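Colleague: Data file protein.tsv (TSV, C-alpha atoms and all ligand atoms) is appended below.
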```tsv
chain	number	residue	atom	x	y	z
A	579	MET	CA	-17.93	3.39	-12.01
A	580	THR	CA	-17.77	7.16	-11.44
A	581	ASP	CA	-15.05	9.69	-12.20
A	582	THR	CA	-13.98	9.42	-8.57
A	583	THR	CA	-13.19	5.70	-8.91
A	584	ILE	CA	-9.50	5.07	-8.27
A	585	VAL	CA	-9.47	1.29	-8.49
A	586	ALA	CA	-11.88	-0.80	-10.56
A	587	MET	CA	-11.26	-4.56	-10.61
A	588	THR	CA	-13.58	-6.67	-12.74
A	589	GLU	CA	-13.64	-10.47	-12.45
A	590	VAL	CA	-9.95	-10.62	-11.62
A	591	THR	CA	-8.48	-14.11	-11.41
A	592	LYS	CA	-4.90	-15.09	-10.61
A	593	ALA	CA	-4.26	-18.77	-11.18
A	594	TYR	CA	-1.21	-20.81	-10.24
A	595	GLY	CA	-1.94	-24.08	-11.98
A	596	GLU	CA	-5.08	-25.41	-10.35
A	597	LEU	CA	-4.95	-22.93	-7.50
A	598	ARG	CA	-6.86	-19.69	-7.81
A	599	ALA	CA	-5.11	-17.19	-5.55
A	600	LEU	CA	-7.82	-14.76	-6.69
A	601	ASP	CA	-11.04	-16.10	-8.11
A	602	ALA	CA	-13.11	-13.63	-10.17
A	603	VAL	CA	-12.83	-10.75	-7.73
A	604	SER	CA	-14.66	-7.54	-8.57
A	605	LEU	CA	-14.02	-4.51	-6.40
A	606	THR	CA	-14.14	-0.75	-6.81
A	607	VAL	CA	-12.50	1.76	-4.51
A	608	ALA	CA	-13.51	5.41	-4.64
A	609	ALA	CA	-11.14	8.33	-4.25
A	610	GLY	CA	-10.54	9.10	-0.59
A	611	GLU	CA	-11.82	5.75	0.68
A	612	TRP	CA	-9.97	3.77	3.35
A	613	VAL	CA	-10.41	0.06	2.71
A	614	ALA	CA	-9.08	-2.73	4.91
A	615	ILE	CA	-8.42	-6.16	3.38
A	616	VAL	CA	-8.58	-9.01	5.86
A	617	GLY	CA	-8.81	-12.80	5.72
A	618	PRO	CA	-6.87	-15.89	6.69
A	619	SER	CA	-3.33	-16.57	5.56
A	620	GLY	CA	-3.34	-17.70	1.94
A	621	SER	CA	-6.71	-16.08	1.16
A	622	GLY	CA	-5.24	-13.89	-1.60
A	623	LYS	CA	-4.62	-10.55	0.17
A	624	THR	CA	-1.06	-10.05	-1.06
A	625	THR	CA	-1.96	-11.27	-4.54
A	626	LEU	CA	-4.72	-8.66	-4.69
A	627	MET	CA	-2.43	-5.86	-3.49
A	628	ASN	CA	0.35	-6.83	-5.90
A	629	ILE	CA	-2.08	-6.80	-8.82
A	630	VAL	CA	-3.56	-3.41	-7.85
A	631	GLY	CA	-0.01	-2.11	-7.27
A	632	CYS	CA	1.07	-3.24	-10.76
A	633	LEU	CA	3.71	-5.58	-9.33
A	634	ASP	CA	1.88	-8.56	-10.78
A	635	ARG	CA	-0.57	-9.19	-13.60
A	636	PRO	CA	-3.81	-11.18	-13.37
A	637	THR	CA	-4.47	-14.31	-15.36
A	638	ASP	CA	-7.88	-12.97	-16.28
A	639	GLY	CA	-10.03	-9.91	-15.72
A	640	THR	CA	-9.32	-6.19	-15.86
A	641	VAL	CA	-7.91	-3.65	-13.44
A	642	LEU	CA	-8.37	0.06	-14.02
A	643	LEU	CA	-6.15	2.40	-12.03
A	644	GLY	CA	-7.26	6.00	-12.32
A	645	GLY	CA	-9.08	4.99	-15.49
A	646	VAL	CA	-6.03	3.30	-17.10
A	647	ASP	CA	-6.38	-0.40	-17.89
A	648	VAL	CA	-3.19	-1.70	-16.33
A	649	THR	CA	-3.91	-5.25	-17.47
A	650	ARG	CA	-3.49	-4.15	-21.07
A	651	CYS	CA	-0.61	-1.72	-20.92
A	652	ALA	CA	2.98	-2.42	-21.88
A	653	ALA	CA	5.63	-2.92	-19.22
A	654	ALA	CA	7.09	0.58	-19.59
A	655	GLU	CA	3.68	2.22	-19.25
A	656	LEU	CA	2.89	-0.01	-16.28
A	657	THR	CA	6.03	1.16	-14.50
A	658	GLN	CA	5.04	4.76	-15.15
A	659	VAL	CA	1.48	4.27	-13.83
A	660	ARG	CA	2.89	2.61	-10.73
A	661	ARG	CA	5.35	5.40	-10.06
A	662	GLU	CA	2.83	8.15	-10.61
A	663	GLN	CA	-0.24	6.72	-8.96
A	664	VAL	CA	0.75	4.26	-6.28
A	665	GLY	CA	2.71	4.35	-3.03
A	666	LEU	CA	3.64	0.94	-1.65
A	667	VAL	CA	4.27	0.01	2.00
A	668	PHE	CA	5.21	-3.55	2.96
A	669	GLN	CA	5.49	-5.53	6.18
A	670	ARG	CA	9.24	-5.83	5.72
A	671	PHE	CA	10.86	-2.45	5.41
A	672	HIS	CA	13.17	-2.90	2.39
A	673	LEU	CA	15.34	0.05	3.39
A	674	ILE	CA	18.88	0.23	2.02
A	675	PRO	CA	21.07	-0.42	5.09
A	676	HIS	CA	24.01	1.83	4.25
A	677	LEU	CA	21.86	4.85	3.38
A	678	ASN	CA	20.40	7.13	6.03
A	679	ALA	CA	16.66	7.89	6.32
A	680	LEU	CA	16.86	10.97	4.11
A	681	GLU	CA	18.85	9.15	1.42
A	682	ASN	CA	16.44	6.20	1.49
A	683	VAL	CA	13.59	8.60	0.70
A	684	MET	CA	15.65	10.30	-2.01
A	685	VAL	CA	16.28	6.95	-3.74
A	686	ALA	CA	12.52	6.74	-4.34
A	687	GLN	CA	12.51	10.28	-5.75
A	688	TYR	CA	15.25	9.30	-8.16
A	689	TYR	CA	12.89	6.82	-9.83
A	690	HIS	CA	10.22	9.36	-10.68
A	691	SER	CA	11.88	12.76	-10.83
A	692	LEU	CA	14.99	14.54	-9.66
A	693	PRO	CA	16.12	13.92	-6.09
A	694	ASP	CA	15.24	16.97	-4.05
A	695	GLU	CA	16.60	17.03	-0.53
A	696	ALA	CA	14.17	19.68	0.73
A	697	GLU	CA	11.20	17.66	-0.54
A	698	ALA	CA	12.55	14.45	1.00
A	699	MET	CA	13.07	16.28	4.29
A	700	ALA	CA	9.49	17.57	4.12
A	701	ALA	CA	8.25	13.97	3.70
A	702	LEU	CA	10.27	12.88	6.75
A	703	THR	CA	8.90	15.83	8.71
A	704	LYS	CA	5.38	14.76	7.77
A	705	VAL	CA	5.97	11.35	9.34
A	706	GLY	CA	7.55	12.92	12.42
A	707	LEU	CA	11.14	11.94	11.63
A	708	ALA	CA	12.88	15.23	10.86
A	709	GLY	CA	15.18	14.60	13.81
A	710	ARG	CA	16.15	11.15	12.52
A	711	ALA	CA	16.97	12.12	8.91
A	712	HIS	CA	20.68	11.28	9.21
A	713	HIS	CA	20.26	8.00	11.06
A	714	LEU	CA	20.86	4.67	9.36
A	715	PRO	CA	18.02	2.11	9.40
A	716	SER	CA	19.93	0.11	12.03
A	717	GLN	CA	19.84	3.17	14.31
A	718	LEU	CA	16.05	3.45	14.03
A	719	SER	CA	13.30	1.52	15.83
A	720	GLY	CA	10.98	-0.70	13.79
A	721	GLY	CA	8.27	1.94	13.95
A	722	GLU	CA	10.65	4.64	12.78
A	723	GLN	CA	11.84	2.44	9.91
A	724	GLN	CA	8.26	1.85	8.83
A	725	ARG	CA	7.61	5.61	8.95
A	726	VAL	CA	10.63	6.13	6.67
A	727	CYS	CA	9.00	3.63	4.29
A	728	ILE	CA	5.76	5.60	4.44
A	729	ALA	CA	7.66	8.85	3.70
A	730	ARG	CA	9.26	7.03	0.77
A	731	ALA	CA	5.84	5.85	-0.45
A	732	LEU	CA	4.41	9.37	-0.20
A	733	ILE	CA	7.21	11.15	-2.01
A	734	ASN	CA	5.49	11.32	-5.39
A	735	ASP	CA	2.17	12.28	-3.80
A	736	PRO	CA	0.36	9.10	-4.92
A	737	ALA	CA	-3.41	9.02	-5.30
A	738	LEU	CA	-3.40	5.53	-3.83
A	739	VAL	CA	-1.39	4.09	-0.95
A	740	LEU	CA	-1.25	0.28	-0.71
A	741	ALA	CA	0.05	-1.20	2.52
A	742	ASP	CA	0.45	-4.97	3.03
A	743	GLU	CA	0.55	-5.78	6.76
A	744	PRO	CA	2.22	-2.44	7.57
A	745	THR	CA	2.08	-3.07	11.32
A	746	GLY	CA	2.90	-6.78	11.10
A	747	ASN	CA	6.44	-6.33	12.44
A	748	LEU	CA	5.67	-3.59	14.98
A	749	ASP	CA	4.91	-3.56	18.69
A	750	ALA	CA	1.66	-1.96	19.85
A	751	ALA	CA	3.06	1.55	20.39
A	752	ASN	CA	4.78	1.69	17.02
A	753	ALA	CA	1.74	0.20	15.32
A	754	GLN	CA	-0.30	3.02	16.83
A	755	ALA	CA	2.07	5.66	15.50
A	756	VAL	CA	1.79	4.18	12.02
A	757	MET	CA	-1.98	4.05	12.27
A	758	ARG	CA	-2.11	7.70	13.37
A	759	LEU	CA	-0.16	8.50	10.26
A	760	PHE	CA	-2.62	6.61	8.06
A	761	ARG	CA	-5.46	8.48	9.72
A	762	GLU	CA	-3.79	11.79	8.83
A	763	LEU	CA	-3.28	10.66	5.25
A	764	HIS	CA	-6.92	9.68	5.07
A	765	GLU	CA	-7.96	13.08	6.42
A	766	GLN	CA	-5.84	14.68	3.71
A	767	GLY	CA	-7.73	12.74	1.04
A	768	THR	CA	-5.33	9.89	0.20
A	769	THR	CA	-7.01	6.66	-0.85
A	770	LEU	CA	-5.84	3.78	1.34
A	771	MET	CA	-5.94	0.01	0.92
A	772	VAL	CA	-4.47	-1.70	3.95
A	773	VAL	CA	-4.05	-5.46	4.41
A	774	THR	CA	-4.05	-6.38	8.07
A	775	HIS	CA	-4.43	-9.22	10.54
A	776	ASP	CA	-5.09	-6.77	13.35
A	777	PRO	CA	-8.79	-6.14	14.05
A	778	LYS	CA	-7.87	-2.77	15.64
A	779	VAL	CA	-6.20	-1.65	12.43
A	780	ALA	CA	-9.07	-2.94	10.29
A	781	ALA	CA	-11.59	-1.14	12.51
A	782	LEU	CA	-10.05	2.23	11.60
A	783	SER	CA	-11.08	1.77	7.97
A	784	GLU	CA	-14.45	2.72	6.52
A	785	ARG	CA	-14.91	-0.54	4.71
A	786	GLU	CA	-13.52	-3.96	5.51
A	787	ILE	CA	-13.28	-6.58	2.80
A	788	VAL	CA	-13.00	-10.17	3.96
A	789	LEU	CA	-11.24	-12.52	1.55
A	790	ASP	CA	-11.43	-16.29	1.72
A	791	HIS	CA	-9.96	-18.71	-0.82
A	792	GLY	CA	-9.45	-15.91	-3.33
A	793	ARG	CA	-13.01	-14.64	-3.16
A	794	ILE	CA	-14.68	-11.74	-1.38
A	795	GLU	CA	-16.57	-13.47	1.39
A	796	ARG	CA	-18.23	-10.33	2.76
A	797	GLU	CA	-17.83	-6.60	3.34
A	798	GLU	CA	-18.36	-4.71	6.56
A	799	PHE	CA	-18.81	-0.98	6.89
A	800	HIS	CA	-17.50	1.00	9.85
A	801	VAL	CA	-18.83	4.37	10.88
A	802	GLN	CA	-15.92	6.51	12.06
A	803	SER	CA	-16.51	9.23	14.63
A	901	LIG	P1	-2.27	-13.92	1.77
A	901	LIG	O1	-1.50	-12.66	1.48
A	901	LIG	O2	-3.72	-13.69	2.03
A	901	LIG	O3	-1.65	-14.73	2.86
A	901	LIG	P2	-1.36	-14.72	-0.89
A	901	LIG	O4	-2.00	-13.75	-1.81
A	901	LIG	O5	0.06	-14.51	-0.57
A	901	LIG	O6	-2.23	-14.84	0.44
A	901	LIG	O7	-1.50	-16.17	-1.50
A	901	LIG	C1	-2.75	-16.68	-1.95
A	901	LIG	C2	-2.55	-18.10	-2.44
A	901	LIG	O8	-1.75	-18.11	-3.61
A	901	LIG	C3	-1.83	-19.00	-1.45
A	901	LIG	O9	-2.38	-20.28	-1.52
A	901	LIG	C4	-0.40	-18.98	-1.95
A	901	LIG	O10	0.28	-20.15	-1.59
A	901	LIG	C5	-0.61	-18.88	-3.46
A	901	LIG	N1	0.52	-18.22	-4.14
A	901	LIG	C6	0.89	-16.93	-3.97
A	901	LIG	N2	1.94	-16.63	-4.77
A	901	LIG	C7	2.23	-17.77	-5.46
A	901	LIG	C8	3.21	-18.10	-6.45
A	901	LIG	N3	4.09	-17.21	-6.89
A	901	LIG	N4	3.21	-19.36	-6.92
A	901	LIG	C9	2.31	-20.27	-6.48
A	901	LIG	N5	1.35	-20.02	-5.57
A	901	LIG	C10	1.31	-18.78	-5.06
A	902	MG	MG	0.13	-11.77	2.44
```
Could you quickly redo this structure as structure tokens?
Ligand code: ADP
Ligand code: MG

Modeller:
Amino acid sequence: MTDTTIVAMTEVTKAYGELRALDAVSLTVAAGEWVAIVGPSGSGKTTLMNIVGCLDRPTDGTVLLGGVDVTRCAAAELTQVRREQVGLVFQRFHLIPHLNALENVMVAQYYHSLPDEAEAMAALTKVGLAGRAHHLPSQLSGGEQQRVCIARALINDPALVLADEPTGNLDAANAQAVMRLFRELHEQGTTLMVVTHDPKVAALSEREIVLDHGRIEREEFHVQS
């Protein structure tokens, strides 16, 4: 482990009775890396992301996030680490339907600092949605809704962005817009872990981790031009 390690998982197991959703997984992710997590349905991808994102705790093993052992910290500290270090993007958008795009981003600000409209607007501008700030989710396309979610995830400038099937509900054109955004984030130095079923999305990463039955089956490295 070096001082540029963002995520360090050691022998992480998540058991549900007899089933091991994760089975002694060890994985380190360096600052600035873009890692894709792939594998069949049920192989443990979401379990892994939820544990790294501090939404879930492992049965066994340790997870360091930015050097902090999140498997040992108290609930309050865990919430703080999550808010400060991690931005989460899901397949389903989880936007609040009666709030417009700008307000949805500001709700996320509320949880870590003071809501700041100019900052929320800047985040929407970054994802190309300045012109949609006052639209409700129902007035936005799927791709636009997902970009609002990405703006929301970026609002506290997280070191690590975790995305679980971020293009799973999008058509090809919208998926491409989201992937362009991830590429920009990567160029700006954000560390990315992206679960995907889409080989085109996985191919954009530098390192692809293949899970099977809760274990890392293999890793593939991609050279990006
Ligand atoms: P993936 O995201 O790769 O499809 P998951 O991480 O969601 O896989 O699930 C891995 C395995 O763990 C699956 O067999 C799933 O049924 C099981 N699992 C996930 N969450 C729970 C839970 N809360 N209770 C029991 N089993 C679970
Ligand atoms: Mg999943």

Colleague: Could you list, as number ranges by chain, all protein and nucleic acid residues with an atom at most 12 Å from ligand LIG 901 (chain A), counting all atoms listed in the file?

Modeller: A: 591-601, 615-629, 633-636, 668-669, 741-743, 772-775, 787-794

Colleague: To one decimal place, how far is atom CA of A:Ala652 from atom CA of A:Thr588 in Å?

Modeller: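 Atom CA of A:Thr588 lies 19.4 Å from atom CA of A:Ala652.
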
Colleague: If you measure from atom CA of A:Leu759 to atom CA of A:Gly706, what distance in Å do you get, rounded to one decimal?

Modeller: 9.1 Å

Colleague: For stretch 678-683 of chain A, find every residue with an atom within 6 Å (counting all atoms listed in the file), except residues of its own chain fewer than 2 positions away, and show them as a list of chain:residue names.

Modeller: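 The filter keeps A:Val685, A:Ala686, A:Ala698, A:Ala711, A:His712, A:His713, A:Leu714, A:Arg730.
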
Colleague: In Å to one decimal, how far is atom CA of A:Gly644 from atom CA of A:Leu770?

Modeller: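 Atom CA of A:Gly644 lies 13.9 Å from atom CA of A:Leu770.
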
Colleague: Determine the nearest neighbour of ligand MG 902 (chain A) from the options A:Gly746, A:His764, A:Met757, A:Val585, counting all atoms listed in the file.

Modeller: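 Nearest to ligand MG 902 (chain A): A:Gly746.
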
Colleague: Near A:Ala753, within 10 Å and counting only C-alpha atoms, which residues show up once chain neighbours fewer than 4 positions away are dropped, as a PDB file with C-alpha atoms, keeping the file's coordinate frame?

Modeller:
```
ATOM      1  CA  GLY A 720      10.980  -0.700  13.790  1.00  0.00           C
ATOM      2  CA  GLY A 721       8.270   1.940  13.950  1.00  0.00           C
ATOM      3  CA  GLN A 724       8.260   1.850   8.830  1.00  0.00           C
ATOM      4  CA  PRO A 744       2.220  -2.440   7.570  1.00  0.00           C
ATOM      5  CA  THR A 745       2.080  -3.070  11.320  1.00  0.00           C
ATOM      6  CA  GLY A 746       2.900  -6.780  11.100  1.00  0.00           C
ATOM      7  CA  ASN A 747       6.440  -6.330  12.440  1.00  0.00           C
ATOM      8  CA  LEU A 748       5.670  -3.590  14.980  1.00  0.00           C
ATOM      9  CA  ASP A 749       4.910  -3.560  18.690  1.00  0.00           C
ATOM     10  CA  MET A 757      -1.980   4.050  12.270  1.00  0.00           C
ATOM     11  CA  ARG A 758      -2.110   7.700  13.370  1.00  0.00           C
ATOM     12  CA  LEU A 759      -0.160   8.500  10.260  1.00  0.00           C
ATOM     13  CA  ASP A 776      -5.090  -6.770  13.350  1.00  0.00           C
ATOM     14  CA  VAL A 779      -6.200  -1.650  12.430  1.00  0.00           C
TER      15      VAL A 779
END
```

Colleague: For a quick check of understanding, using only C-alpha atoms, which of A:Val613, A:Leu782, A:Val590, A:Leu666 has the smallest distance to A:Thr769?

Modeller: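 Looking only at the distances to A:Thr769, the closest residue turns out to be A:Val613.
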